[in-house]
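Quick notes on the structure that follows.
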Amino acid sequence: MKTDRSLSPSAMALLVLTAGALPQAQAQSYFGSPVEGTLCHTGETVLFACPSGQKRIAVCAAPVEGSPFGVLRYRFGSSSHTELEFPIRPQPAREYASGNSLGDGGRGTLVYLRLNNGGTSYTVYAEAVSPTYQRTDASERSGVVVERHGKLLSRLTCDAEARTYSGMLLDPKFLGDAVPLDPRVPPGFPTYK
């Protein structure tokens with residue numbers, strides 16, 4: 001007797017639904033959905049992440065005392081080696097981070113988050129620009145600006161063809177709530193006041 005080993009469409013649908021209910025292997029989340037490929041760790045939310053050449057830039061949030069953004073960590077390096085991470089010990093984000101979301105009269109928007117590590121600040125940013133208000137000429141750029149005692153040290157740009165995760169910076173519970181608003185526009189953005 002020959003057995004039919006093919007699955008009926010309803011059995012296949014049940015199999016797909018069951019597989020979707022299994023725990024996700026990805027460790028980080030972005031707007032509640034699992035993601036992978038950033039420097040964030042298990043249980044952290046991706047606030048900002050992108051590749052820049054062979055390196056990766058990330059700002060990750062962990063919940064503390066009811067705030068989903070209680071502790072922030074800046075990380076820089078490769079997927080196999082983190083070259084810089086701070087703060088080392090958890091401390092309230094308000095003590096070392098600030099940010100803002102600005103517009104320049106309709107042409108563009110800039111959101112940034114400045115994290116201070118001693119006299120050095122690391123400001124991740126994402127800018128969207130549409131000079132003629134048309135989708136055909138819209139562009140985006142993102143990256144990190146590094147300053148020491150207010151002087152520009154370096155600027156790394158996220159790879160244009162890769163995905164940048166930055167939308168969580170605009171969460172209503174983040175800017176002005178979890179971290180104070182920062183009026184100091186990063187260098188290189190003269191149209192934002």
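Identifiers in the structure tokens: chain A, B, ... in order shown; residue index from 1 per chain; ligand index from 1 in order shown.
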
Subject >> Every residue of segment 28-84 of chain A that DSSP places in strand (DSSP E or B), as number ranges by chain >> reply: A: 28-30, 33-35, 45-52, 55-64, 67-77, 82-84

If you count only C-alpha atoms, which residues fall within 12 Å of Gly150 of chain A, apart from same-chain ones fewer than 5 positions away, as a PDB file with N, CA and C atoms, in the first residue's frame?
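Just written: selection.pdb:
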ATOM      1  N   ASN A 116      27.029  61.399  25.968  1.00  0.00           N
ATOM      2  CA  ASN A 116      28.297  61.933  26.462  1.00  0.00           C
ATOM      3  C   ASN A 116      29.067  60.870  27.235  1.00  0.00           C
ATOM      4  N   GLY A 118      32.426  61.222  29.211  1.00  0.00           N
ATOM      5  CA  GLY A 118      33.487  62.134  29.635  1.00  0.00           C
ATOM      6  C   GLY A 118      33.411  63.392  28.783  1.00  0.00           C
ATOM      7  N   GLY A 119      34.539  63.822  28.228  1.00  0.00           N
ATOM      8  CA  GLY A 119      34.572  65.010  27.378  1.00  0.00           C
ATOM      9  C   GLY A 119      34.254  64.734  25.918  1.00  0.00           C
ATOM     10  N   THR A 120      33.915  63.501  25.589  1.00  0.00           N
ATOM     11  CA  THR A 120      33.616  63.125  24.210  1.00  0.00           C
ATOM     12  C   THR A 120      32.136  62.834  24.065  1.00  0.00           C
ATOM     13  N   SER A 121      31.539  63.363  22.990  1.00  0.00           N
ATOM     14  CA  SER A 121      30.128  63.080  22.715  1.00  0.00           C
ATOM     15  C   SER A 121      30.004  62.349  21.389  1.00  0.00           C
ATOM     16  N   TYR A 122      29.051  61.445  21.354  1.00  0.00           N
ATOM     17  CA  TYR A 122      28.728  60.654  20.164  1.00  0.00           C
ATOM     18  C   TYR A 122      27.282  60.968  19.835  1.00  0.00           C
ATOM     19  N   THR A 123      27.060  61.628  18.700  1.00  0.00           N
ATOM     20  CA  THR A 123      25.719  62.043  18.321  1.00  0.00           C
ATOM     21  C   THR A 123      25.274  61.263  17.095  1.00  0.00           C
ATOM     22  N   VAL A 145      28.323  61.642  14.697  1.00  0.00           N
ATOM     23  CA  VAL A 145      29.279  62.748  14.779  1.00  0.00           C
ATOM     24  C   VAL A 145      29.978  62.626  16.123  1.00  0.00           C
ATOM     25  N   ARG A 184      21.417  71.926  21.012  1.00  0.00           N
ATOM     26  CA  ARG A 184      22.678  72.056  20.282  1.00  0.00           C
ATOM     27  C   ARG A 184      22.677  71.169  19.038  1.00  0.00           C
ATOM     28  N   VAL A 185      22.482  71.764  17.878  1.00  0.00           N
ATOM     29  CA  VAL A 185      22.451  71.023  16.620  1.00  0.00           C
ATOM     30  C   VAL A 185      23.851  70.499  16.328  1.00  0.00           C
ATOM     31  N   PRO A 186      23.982  69.230  15.930  1.00  0.00           N
ATOM     32  CA  PRO A 186      25.316  68.691  15.631  1.00  0.00           C
ATOM     33  C   PRO A 186      25.960  69.464  14.474  1.00  0.00           C
ATOM     34  N   PRO A 187      27.295  69.526  14.432  1.00  0.00           N
ATOM     35  CA  PRO A 187      27.964  70.212  13.315  1.00  0.00           C
ATOM     36  C   PRO A 187      27.634  69.551  11.982  1.00  0.00           C
TER      37      PRO A 187
END

Original post:
Could you name the residues that touch Ser139 of chain A at 12 Å or less, counting only C-alpha atoms, but leaving out those on the same chain fewer than 6 positions away, as a PyMOL selection string?
Top reply: chain A and resi 107-109+126-133+160-161

Export, as a PDB file, in the first residue's frame, the selected residues with N, CA and C atoms.
ATOM      1  N   ARG A 107      11.640  71.722   4.383  1.00  0.00           N
ATOM      2  CA  ARG A 107      12.509  71.032   3.434  1.00  0.00           C
ATOM      3  C   ARG A 107      13.053  69.729   3.998  1.00  0.00           C
ATOM      4  N   GLY A 108      13.329  69.712   5.290  1.00  0.00           N
ATOM      5  CA  GLY A 108      13.926  68.519   5.861  1.00  0.00           C
ATOM      6  C   GLY A 108      13.638  68.380   7.338  1.00  0.00           C
ATOM      7  N   THR A 109      13.927  67.186   7.846  1.00  0.00           N
ATOM      8  CA  THR A 109      13.810  66.913   9.279  1.00  0.00           C
ATOM      9  C   THR A 109      15.083  66.231   9.752  1.00  0.00           C
ATOM     10  N   ALA A 126      19.691  61.074  12.057  1.00  0.00           N
ATOM     11  CA  ALA A 126      19.025  60.663  10.819  1.00  0.00           C
ATOM     12  C   ALA A 126      18.346  61.899  10.251  1.00  0.00           C
ATOM     13  N   GLU A 127      18.611  62.159   8.988  1.00  0.00           N
ATOM     14  CA  GLU A 127      18.035  63.332   8.319  1.00  0.00           C
ATOM     15  C   GLU A 127      17.309  62.875   7.058  1.00  0.00           C
ATOM     16  N   ALA A 128      16.124  63.441   6.845  1.00  0.00           N
ATOM     17  CA  ALA A 128      15.358  63.224   5.619  1.00  0.00           C
ATOM     18  C   ALA A 128      15.141  64.583   4.972  1.00  0.00           C
ATOM     19  N   VAL A 129      15.469  64.682   3.685  1.00  0.00           N
ATOM     20  CA  VAL A 129      15.398  65.960   2.972  1.00  0.00           C
ATOM     21  C   VAL A 129      14.630  65.778   1.663  1.00  0.00           C
ATOM     22  N   SER A 130      13.791  66.754   1.355  1.00  0.00           N
ATOM     23  CA  SER A 130      13.090  66.803   0.079  1.00  0.00           C
ATOM     24  C   SER A 130      13.084  68.259  -0.383  1.00  0.00           C
ATOM     25  N   PRO A 131      14.116  68.677  -1.144  1.00  0.00           N
ATOM     26  CA  PRO A 131      14.257  70.093  -1.524  1.00  0.00           C
ATOM     27  C   PRO A 131      13.053  70.686  -2.239  1.00  0.00           C
ATOM     28  N   THR A 132      12.352  69.898  -3.056  1.00  0.00           N
ATOM     29  CA  THR A 132      11.209  70.444  -3.789  1.00  0.00           C
ATOM     30  C   THR A 132       9.887  69.867  -3.304  1.00  0.00           C
ATOM     31  N   TYR A 133       9.919  69.201  -2.155  1.00  0.00           N
ATOM     32  CA  TYR A 133       8.727  68.596  -1.572  1.00  0.00           C
ATOM     33  C   TYR A 133       8.153  67.462  -2.429  1.00  0.00           C
ATOM     34  N   ALA A 160      24.619  54.001   2.558  1.00  0.00           N
ATOM     35  CA  ALA A 160      23.382  54.465   1.935  1.00  0.00           C
ATOM     36  C   ALA A 160      22.501  53.314   1.467  1.00  0.00           C
ATOM     37  N   GLU A 161      23.107  52.220   1.027  1.00  0.00           N
ATOM     38  CA  GLU A 161      22.313  51.108   0.495  1.00  0.00           C
ATOM     39  C   GLU A 161      21.815  50.152   1.575  1.00  0.00           C
TER      40      GLU A 161
END

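You can rank A:Val64, A:Ala93, A:Leu110, A:Val59 by their closest distance to Phe189 of chain A using only C-alpha atoms, and at the top of that list sits A:Leu110.
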
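For His41 of chain A, the set of protein, DNA and RNA residues having any atom at most 12 Å away, when counting only C-alpha atoms and skipping those fewer than 6 positions along the same chain, is Gln26, Ala27, Gln28, Ser29, Pro34, Val35, Ala58, Val59, Cys60, Ala61, Ala62, Leu72, Arg73, Tyr74, Arg75, Ser79 and Thr82 of chain A.
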
Taking C-alpha atoms for each residue, export the selection above as a PDB file, in the first residue's frame.
ATOM      1  CA  GLN A  26      16.324  37.157  17.093  1.00  0.00           C
ATOM      2  CA  ALA A  27      17.383  38.930  20.250  1.00  0.00           C
ATOM      3  CA  GLN A  28      16.723  42.602  19.598  1.00  0.00           C
ATOM      4  CA  SER A  29      13.452  44.355  18.865  1.00  0.00           C
ATOM      5  CA  PRO A  34      12.366  41.040  16.238  1.00  0.00           C
ATOM      6  CA  VAL A  35      15.419  42.114  14.218  1.00  0.00           C
ATOM      7  CA  ALA A  58      24.203  51.171  17.581  1.00  0.00           C
ATOM      8  CA  VAL A  59      22.329  52.755  20.453  1.00  0.00           C
ATOM      9  CA  CYS A  60      20.377  50.170  22.428  1.00  0.00           C
ATOM     10  CA  ALA A  61      17.803  50.683  25.183  1.00  0.00           C
ATOM     11  CA  ALA A  62      16.941  48.450  28.108  1.00  0.00           C
ATOM     12  CA  LEU A  72      20.982  53.371  26.916  1.00  0.00           C
ATOM     13  CA  ARG A  73      24.179  51.866  25.549  1.00  0.00           C
ATOM     14  CA  TYR A  74      26.264  53.210  22.666  1.00  0.00           C
ATOM     15  CA  ARG A  75      28.180  50.505  20.820  1.00  0.00           C
ATOM     16  CA  SER A  79      29.695  41.915  14.594  1.00  0.00           C
ATOM     17  CA  THR A  82      32.730  45.659  20.029  1.00  0.00           C
TER      18      THR A  82
END

**OP:** Show which residues sit within 12 Å of Pro63 of chain A, as a PyMOL selection string. Count only C-alpha atoms, and ignore same-chain residues fewer than 2 positions away.
**Re:** chain A and resi 42-46+60-61+65-73+90-93+178

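Atom pair atom CA of Pro87 of chain A / atom CA of Ser52 of chain A has a distance of 21.7 Å (rounded to one decimal).
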
Fewer than 6 positions away in the same chain doesn't count, so skip those; otherwise give me all residues within 8 Å of Ala97 of chain A, counting only C-alpha atoms, as a JSON list (two decimals) with N, CA and C atoms, in the first residue's frame.
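To be explicit, this is the file written out as around-v5.json:
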[["chain", "number", "residue", "atom", "x", "y", "z"],
["A", 113, "LEU", "N", 20.48, 62.11, 18.69],
["A", 113, "LEU", "CA", 20.64, 61.70, 20.08],
["A", 113, "LEU", "C", 22.12, 61.82, 20.43],
["A", 114, "ARG", "N", 22.41, 62.66, 21.42],
["A", 114, "ARG", "CA", 23.80, 62.89, 21.86],
["A", 114, "ARG", "C", 24.04, 62.12, 23.14],
["A", 115, "LEU", "N", 25.10, 61.30, 23.13],
["A", 115, "LEU", "CA", 25.50, 60.53, 24.32],
["A", 115, "LEU", "C", 26.89, 60.99, 24.72],
["A", 116, "ASN", "N", 27.03, 61.40, 25.97],
["A", 116, "ASN", "CA", 28.30, 61.93, 26.46],
["A", 116, "ASN", "C", 29.07, 60.87, 27.24],
["A", 179, "VAL", "N", 14.85, 61.24, 27.87],
["A", 179, "VAL", "CA", 16.07, 62.06, 27.80],
["A", 179, "VAL", "C", 15.66, 63.51, 27.57],
["A", 180, "PRO", "N", 16.42, 64.47, 28.13],
["A", 180, "PRO", "CA", 16.06, 65.89, 27.93],
["A", 180, "PRO", "C", 16.26, 66.34, 26.49]]

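Taking atom CA of Ser78 of chain A and atom CA of Lys55 of chain A as endpoints, the distance between them is 4.8 Å.
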
**OP:** From a DSSP pass on the backbone, collect the residues of segment 28-177 of chain A flagged as helix (DSSP H, G or I) and hand them back as number ranges by chain.
**Re:** A: 93-95, 135-137, 167-170

Could you save those same residues with N, CA, C and O atoms as a PDB file, in the first residue's frame?
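Done, and the output landed in part21.pdb:
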ATOM      1  N   ALA A  93      19.527  57.222  31.798  1.00  0.00           N
ATOM      2  CA  ALA A  93      19.848  57.830  30.500  1.00  0.00           C
ATOM      3  C   ALA A  93      19.894  59.351  30.564  1.00  0.00           C
ATOM      4  O   ALA A  93      20.699  59.987  29.872  1.00  0.00           O
ATOM      5  N   ARG A  94      19.061  59.961  31.401  1.00  0.00           N
ATOM      6  CA  ARG A  94      19.013  61.421  31.519  1.00  0.00           C
ATOM      7  C   ARG A  94      20.344  62.016  31.961  1.00  0.00           C
ATOM      8  O   ARG A  94      20.594  63.187  31.768  1.00  0.00           O
ATOM      9  N   GLU A  95      21.206  61.201  32.595  1.00  0.00           N
ATOM     10  CA  GLU A  95      22.478  61.702  33.105  1.00  0.00           C
ATOM     11  C   GLU A  95      23.542  61.896  32.013  1.00  0.00           C
ATOM     12  O   GLU A  95      24.505  62.620  32.235  1.00  0.00           O
ATOM     13  N   ARG A 135       8.598  63.411  -3.839  1.00  0.00           N
ATOM     14  CA  ARG A 135       9.236  62.156  -3.460  1.00  0.00           C
ATOM     15  C   ARG A 135      10.413  61.829  -4.371  1.00  0.00           C
ATOM     16  O   ARG A 135      11.314  61.109  -3.974  1.00  0.00           O
ATOM     17  N   THR A 136      10.410  62.335  -5.582  1.00  0.00           N
ATOM     18  CA  THR A 136      11.456  61.985  -6.549  1.00  0.00           C
ATOM     19  C   THR A 136      12.828  62.540  -6.169  1.00  0.00           C
ATOM     20  O   THR A 136      13.831  62.010  -6.611  1.00  0.00           O
ATOM     21  N   ASP A 137      12.877  63.607  -5.391  1.00  0.00           N
ATOM     22  CA  ASP A 137      14.177  64.171  -5.015  1.00  0.00           C
ATOM     23  C   ASP A 137      14.479  64.004  -3.526  1.00  0.00           C
ATOM     24  O   ASP A 137      15.397  64.610  -2.995  1.00  0.00           O
ATOM     25  N   GLY A 167      13.860  55.115  13.694  1.00  0.00           N
ATOM     26  CA  GLY A 167      12.503  55.555  13.998  1.00  0.00           C
ATOM     27  C   GLY A 167      12.152  55.578  15.465  1.00  0.00           C
ATOM     28  O   GLY A 167      11.323  56.386  15.900  1.00  0.00           O
ATOM     29  N   MET A 168      12.773  54.710  16.270  1.00  0.00           N
ATOM     30  CA  MET A 168      12.463  54.681  17.700  1.00  0.00           C
ATOM     31  C   MET A 168      12.905  55.962  18.406  1.00  0.00           C
ATOM     32  O   MET A 168      12.424  56.272  19.484  1.00  0.00           O
ATOM     33  N   LEU A 169      13.813  56.722  17.798  1.00  0.00           N
ATOM     34  CA  LEU A 169      14.215  58.001  18.392  1.00  0.00           C
ATOM     35  C   LEU A 169      13.032  58.963  18.475  1.00  0.00           C
ATOM     36  O   LEU A 169      13.037  59.889  19.280  1.00  0.00           O
ATOM     37  N   LEU A 170      12.023  58.749  17.639  1.00  0.00           N
ATOM     38  CA  LEU A 170      10.854  59.626  17.615  1.00  0.00           C
ATOM     39  C   LEU A 170       9.707  59.117  18.486  1.00  0.00           C
ATOM     40  O   LEU A 170       8.619  59.688  18.472  1.00  0.00           O
TER      41      LEU A 170
END

Original post:
Quick one, how far is atom CA of Ser80 of chain A from atom CA of Arg155 of chain A?
Top reply: 22.5 Å
